[in-house]
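Trainee: So here's structure29.pdb (PDB, C-alpha atoms, pLDDT in the B column).
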```pdb
ATOM      1  CA  GLN A  68      89.385  57.573 -17.875  1.00 91.00           C
ATOM      2  CA  VAL A  69      86.782  56.588 -20.426  1.00 94.00           C
ATOM      3  CA  GLN A  70      85.523  59.304 -22.740  1.00 97.00           C
ATOM      4  CA  LEU A  71      82.857  59.111 -25.420  1.00 98.00           C
ATOM      5  CA  VAL A  72      82.561  62.117 -27.713  1.00 97.00           C
ATOM      6  CA  GLU A  73      79.635  62.347 -30.112  1.00 96.00           C
ATOM      7  CA  SER A  74      79.493  64.500 -33.212  1.00 96.00           C
ATOM      8  CA  GLY A  75      77.447  64.867 -36.364  1.00 97.00           C
ATOM      9  CA  GLY A  76      74.130  66.093 -35.032  1.00 97.00           C
ATOM     10  CA  GLY A  77      72.270  69.052 -36.465  1.00 97.00           C
ATOM     11  CA  LEU A  78      69.177  70.286 -38.226  1.00 98.00           C
ATOM     12  CA  VAL A  79      67.918  68.342 -41.230  1.00 98.00           C
ATOM     13  CA  GLN A  80      64.745  68.352 -43.274  1.00 98.00           C
ATOM     14  CA  PRO A  81      62.380  65.378 -43.240  1.00 98.00           C
ATOM     15  CA  GLY A  82      63.676  62.709 -45.583  1.00 98.00           C
ATOM     16  CA  GLY A  83      67.255  63.824 -45.104  1.00 98.00           C
ATOM     17  CA  SER A  84      70.257  62.017 -43.698  1.00 98.00           C
ATOM     18  CA  LEU A  85      72.814  62.475 -40.951  1.00 98.00           C
ATOM     19  CA  ARG A  86      75.715  60.401 -39.733  1.00 98.00           C
ATOM     20  CA  LEU A  87      76.569  60.460 -36.057  1.00 98.00           C
ATOM     21  CA  SER A  88      80.014  59.506 -34.810  1.00 98.00           C
ATOM     22  CA  CYS A  89      81.186  58.554 -31.352  1.00 98.00           C
ATOM     23  CA  ALA A  90      84.900  58.500 -30.663  1.00 98.00           C
ATOM     24  CA  ALA A  91      85.945  56.457 -27.640  1.00 97.00           C
ATOM     25  CA  SER A  92      89.102  56.662 -25.564  1.00 96.00           C
ATOM     26  CA  GLY A  93      90.392  55.173 -22.336  1.00 95.00           C
ATOM     27  CA  MET A  94      88.967  51.731 -22.977  1.00 93.00           C
ATOM     28  CA  ILE A  95      89.542  48.591 -25.027  1.00 94.00           C
ATOM     29  CA  PHE A  96      87.115  49.620 -27.725  1.00 95.00           C
ATOM     30  CA  SER A  97      87.196  46.390 -29.706  1.00 96.00           C
ATOM     31  CA  ALA A  98      85.932  44.434 -26.686  1.00 95.00           C
ATOM     32  CA  ALA A  99      83.097  46.813 -25.866  1.00 97.00           C
ATOM     33  CA  ALA A 100      79.468  46.650 -26.860  1.00 98.00           C
ATOM     34  CA  MET A 101      78.399  50.010 -28.227  1.00 98.00           C
ATOM     35  CA  GLY A 102      75.004  51.592 -28.561  1.00 98.00           C
ATOM     36  CA  TRP A 103      73.094  54.681 -29.531  1.00 98.00           C
ATOM     37  CA  TYR A 104      70.228  55.912 -27.395  1.00 98.00           C
ATOM     38  CA  ARG A 105      67.986  58.932 -27.803  1.00 98.00           C
ATOM     39  CA  GLN A 106      65.823  61.064 -25.586  1.00 98.00           C
ATOM     40  CA  ALA A 107      63.116  63.359 -26.882  1.00 96.00           C
ATOM     41  CA  PRO A 108      61.659  66.150 -24.728  1.00 91.00           C
ATOM     42  CA  GLY A 109      59.290  64.735 -22.144  1.00 94.00           C
ATOM     43  CA  LYS A 110      60.130  61.136 -23.021  1.00 96.00           C
ATOM     44  CA  GLN A 111      62.315  58.432 -21.545  1.00 97.00           C
ATOM     45  CA  ARG A 112      65.672  57.605 -23.048  1.00 97.00           C
ATOM     46  CA  GLU A 113      65.331  54.704 -25.466  1.00 97.00           C
ATOM     47  CA  LEU A 114      67.737  52.364 -27.179  1.00 98.00           C
ATOM     48  CA  VAL A 115      68.001  53.070 -30.893  1.00 98.00           C
ATOM     49  CA  ALA A 116      70.653  50.604 -32.010  1.00 98.00           C
ATOM     50  CA  ARG A 117      73.500  48.576 -30.615  1.00 98.00           C
ATOM     51  CA  ILE A 118      76.421  46.600 -31.908  1.00 98.00           C
ATOM     52  CA  THR A 119      78.345  43.913 -30.081  1.00 97.00           C
ATOM     53  CA  SER A 120      82.081  43.413 -30.085  1.00 96.00           C
ATOM     54  CA  GLY A 121      81.443  40.808 -32.768  1.00 96.00           C
ATOM     55  CA  SER A 122      79.463  43.347 -34.847  1.00 96.00           C
ATOM     56  CA  ILE A 123      76.073  41.791 -34.262  1.00 98.00           C
ATOM     57  CA  THR A 124      73.500  44.554 -34.511  1.00 98.00           C
ATOM     58  CA  ASN A 125      69.964  45.180 -33.429  1.00 97.00           C
ATOM     59  CA  TYR A 126      67.579  48.098 -33.756  1.00 98.00           C
ATOM     60  CA  VAL A 127      64.411  49.471 -32.286  1.00 97.00           C
ATOM     61  CA  ASP A 128      61.530  48.753 -34.659  1.00 97.00           C
ATOM     62  CA  SER A 129      60.909  52.405 -35.478  1.00 97.00           C
ATOM     63  CA  VAL A 130      64.323  52.821 -37.161  1.00 98.00           C
ATOM     64  CA  LYS A 131      64.730  49.445 -38.866  1.00 98.00           C
ATOM     65  CA  GLY A 132      65.523  49.881 -42.537  1.00 97.00           C
ATOM     66  CA  ARG A 133      66.441  53.545 -42.044  1.00 98.00           C
ATOM     67  CA  PHE A 134      69.337  53.566 -39.545  1.00 98.00           C
ATOM     68  CA  THR A 135      72.568  51.606 -39.635  1.00 98.00           C
ATOM     69  CA  ILE A 136      75.014  51.217 -36.773  1.00 98.00           C
ATOM     70  CA  SER A 137      78.611  50.299 -37.518  1.00 98.00           C
ATOM     71  CA  ARG A 138      81.999  50.356 -35.846  1.00 98.00           C
ATOM     72  CA  ASP A 139      85.590  50.930 -36.865  1.00 98.00           C
ATOM     73  CA  ASN A 140      87.836  49.339 -34.266  1.00 97.00           C
ATOM     74  CA  ALA A 141      90.939  50.847 -35.857  1.00 97.00           C
ATOM     75  CA  LYS A 142      89.517  54.313 -35.179  1.00 98.00           C
ATOM     76  CA  ASN A 143      87.805  53.490 -31.865  1.00 98.00           C
ATOM     77  CA  THR A 144      84.639  54.928 -33.357  1.00 98.00           C
ATOM     78  CA  VAL A 145      81.031  53.857 -33.671  1.00 98.00           C
ATOM     79  CA  TYR A 146      78.706  55.388 -36.233  1.00 98.00           C
ATOM     80  CA  LEU A 147      74.983  55.774 -36.713  1.00 98.00           C
ATOM     81  CA  GLN A 148      73.927  56.420 -40.295  1.00 98.00           C
ATOM     82  CA  MET A 149      70.425  57.853 -40.272  1.00 98.00           C
ATOM     83  CA  ASN A 150      68.443  58.006 -43.506  1.00 98.00           C
ATOM     84  CA  SER A 151      64.863  58.972 -44.318  1.00 98.00           C
ATOM     85  CA  LEU A 152      64.705  61.021 -41.146  1.00 98.00           C
ATOM     86  CA  LYS A 153      61.335  61.899 -39.685  1.00 98.00           C
ATOM     87  CA  PRO A 154      60.273  64.617 -37.235  1.00 97.00           C
ATOM     88  CA  ASP A 155      59.742  61.850 -34.651  1.00 96.00           C
ATOM     89  CA  ASP A 156      63.487  61.173 -34.799  1.00 98.00           C
ATOM     90  CA  THR A 157      64.137  64.549 -33.193  1.00 98.00           C
ATOM     91  CA  ALA A 158      65.987  63.960 -29.932  1.00 98.00           C
ATOM     92  CA  VAL A 159      69.300  64.164 -28.164  1.00 98.00           C
ATOM     93  CA  TYR A 160      71.317  61.140 -29.249  1.00 98.00           C
ATOM     94  CA  TYR A 161      73.714  59.549 -26.762  1.00 98.00           C
ATOM     95  CA  CYS A 162      76.536  57.130 -27.328  1.00 98.00           C
ATOM     96  CA  ASN A 163      76.834  54.283 -24.852  1.00 97.00           C
ATOM     97  CA  ALA A 164      79.582  51.783 -24.160  1.00 98.00           C
ATOM     98  CA  ARG A 165      79.555  48.653 -22.039  1.00 97.00           C
ATOM     99  CA  ASN A 166      82.937  47.181 -21.261  1.00 93.00           C
ATOM    100  CA  VAL A 167      83.711  43.517 -20.599  1.00 91.00           C
ATOM    101  CA  GLN A 168      83.141  44.051 -16.873  1.00 92.00           C
ATOM    102  CA  GLY A 169      79.633  45.307 -17.642  1.00 93.00           C
ATOM    103  CA  ARG A 170      80.299  48.895 -16.667  1.00 95.00           C
ATOM    104  CA  LEU A 171      78.369  51.503 -18.637  1.00 96.00           C
ATOM    105  CA  TYR A 172      79.646  54.793 -19.993  1.00 97.00           C
ATOM    106  CA  TRP A 173      77.809  57.648 -21.688  1.00 97.00           C
ATOM    107  CA  GLY A 174      78.689  60.484 -24.007  1.00 97.00           C
ATOM    108  CA  GLN A 175      77.443  64.012 -23.565  1.00 96.00           C
ATOM    109  CA  GLY A 176      74.855  63.764 -26.338  1.00 97.00           C
ATOM    110  CA  THR A 177      74.304  65.444 -29.669  1.00 97.00           C
ATOM    111  CA  GLN A 178      71.100  67.128 -30.788  1.00 98.00           C
ATOM    112  CA  VAL A 179      69.303  65.912 -33.893  1.00 98.00           C
ATOM    113  CA  THR A 180      66.410  68.038 -35.116  1.00 98.00           C
ATOM    114  CA  VAL A 181      64.274  66.981 -38.066  1.00 98.00           C
ATOM    115  CA  SER A 182      62.143  69.857 -39.254  1.00 97.00           C
ATOM    116  CA  SER A 183      61.168  71.705 -42.390  1.00 95.00           C
TER     117      SER A 183
END
```
Rewrite the structure of this file - the entire thing - as structure tokens.
Mentor:
Amino acid sequence: QVQLVESGGGLVQPGGSLRLSCAASGMIFSAAAMGWYRQAPGKQRELVARITSGSITNYVDSVKGRFTISRDNAKNTVYLQMNSLKPDDTAVYYCNARNVQGRLYWGQGTQVTVSS
């Protein structure tokens, strides 16, 4: 049974930083493509960043230069380092995994609120 457990969300002031973590279990983590998505109130869920099994990364334009996705295969964990946070980054952030068969899995989400 695949489980993705996010942590690290919270309230931060504009310009601040947070690091999200997503711990995976029940899957061959090193072979999976991992991603972070977010959903703000009243908006569709959008891809924020993803990283392939070979650690190739890509980002949505709005976070380029501010967010960094990384993975630690020894810990079965993917991270999202978020710097220079803006109020528009406020959303529930979800971890996503796609295994080699193409099946998708989701975490439960973690709230990030950027506000003064």
Trainee: At most 12 Å is the cut-off: for each residue in range 115-167 of chain A with any atom that close to an atom of range 74-84 of chain A, write down the nearest atom pair and the distance in Å rounded to one decimal, counting all atoms listed in the file, chain first then increasing number, as a tab-separated table.
Mentor:
```
residue	atom	partner	partner_atom	distance
A:Arg133	CA	A:Ser84	CA	9.4
A:Phe134	CA	A:Ser84	CA	9.5
A:Thr135	CA	A:Ser84	CA	11.4
A:Thr144	CA	A:Ser74	CA	10.9
A:Val145	CA	A:Ser74	CA	10.8
A:Tyr146	CA	A:Gly75	CA	9.6
A:Leu147	CA	A:Gly75	CA	9.4
A:Gln148	CA	A:Ser84	CA	7.5
A:Met149	CA	A:Ser84	CA	5.4
A:Asn150	CA	A:Ser84	CA	4.4
A:Ser151	CA	A:Gly82	CA	4.1
A:Leu152	CA	A:Gly82	CA	4.9
A:Lys153	CA	A:Pro81	CA	5.1
A:Pro154	CA	A:Pro81	CA	6.4
A:Asp155	CA	A:Pro81	CA	9.7
A:Asp156	CA	A:Pro81	CA	9.5
A:Thr157	CA	A:Leu78	CA	9.1
A:Ala158	CA	A:Gly76	CA	9.8
A:Val159	CA	A:Gly76	CA	8.6
A:Tyr160	CA	A:Gly76	CA	8.1
A:Tyr161	CA	A:Ser74	CA	10.0
A:Cys162	CA	A:Ser74	CA	9.9
```
Trainee: Go through A:Gln106, A:Leu71, A:Gln175, A:Ala90 one by one, measure the shortest atom-to-atom distance of each to Asn143 in chain A using only C-alpha atoms, and give the residue with the smallest value.
Mentor: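 Of all the options, A:Ala90 lies closest to Asn143 in chain A.
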Trainee: Excluding Val127 in chain A and its own-chain neighbours fewer than 4 positions away, which residues fall within 7 Å of it when counting only C-alpha atoms? Please give them as a list in words.
Mentor: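 The neighbour list is Leu114, Val115, Ala116 and Lys131 of chain A.
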Trainee: Can you write out the residues you just picked, keeping C-alpha atoms, as an mmCIF file, in the frame of the given file?
Mentor:
```
data_model
loop_
_atom_site.group_PDB
_atom_site.id
_atom_site.type_symbol
_atom_site.label_atom_id
_atom_site.label_comp_id
_atom_site.auth_asym_id
_atom_site.auth_seq_id
_atom_site.Cartn_x
_atom_site.Cartn_y
_atom_site.Cartn_z
ATOM 1 C CA LEU A 114 67.737 52.364 -27.179
ATOM 2 C CA VAL A 115 68.001 53.070 -30.893
ATOM 3 C CA ALA A 116 70.653 50.604 -32.010
ATOM 4 C CA LYS A 131 64.730 49.445 -38.866
#
```
Trainee: Quick one: residues within 8 Å of Ala99 in chain A, all atoms listed in the file, excluding same-chain residues fewer than 4 positions away - as an MDAnalysis selection string?
Mentor: chainID A and resid 95 119:120 164:167
Trainee: What box, with edges along x, y and z, holds each listed atom of range 75-83 of chain A when 3 Å is added on every side, and can you state its centre and edge lengths in Å to one decimal, as lines of an AutoDock Vina configuration file?
Mentor:
```
center_x = 69.9
center_y = 66.5
center_z = -40.3
size_x = 21.1
size_y = 13.6
size_z = 16.6
```
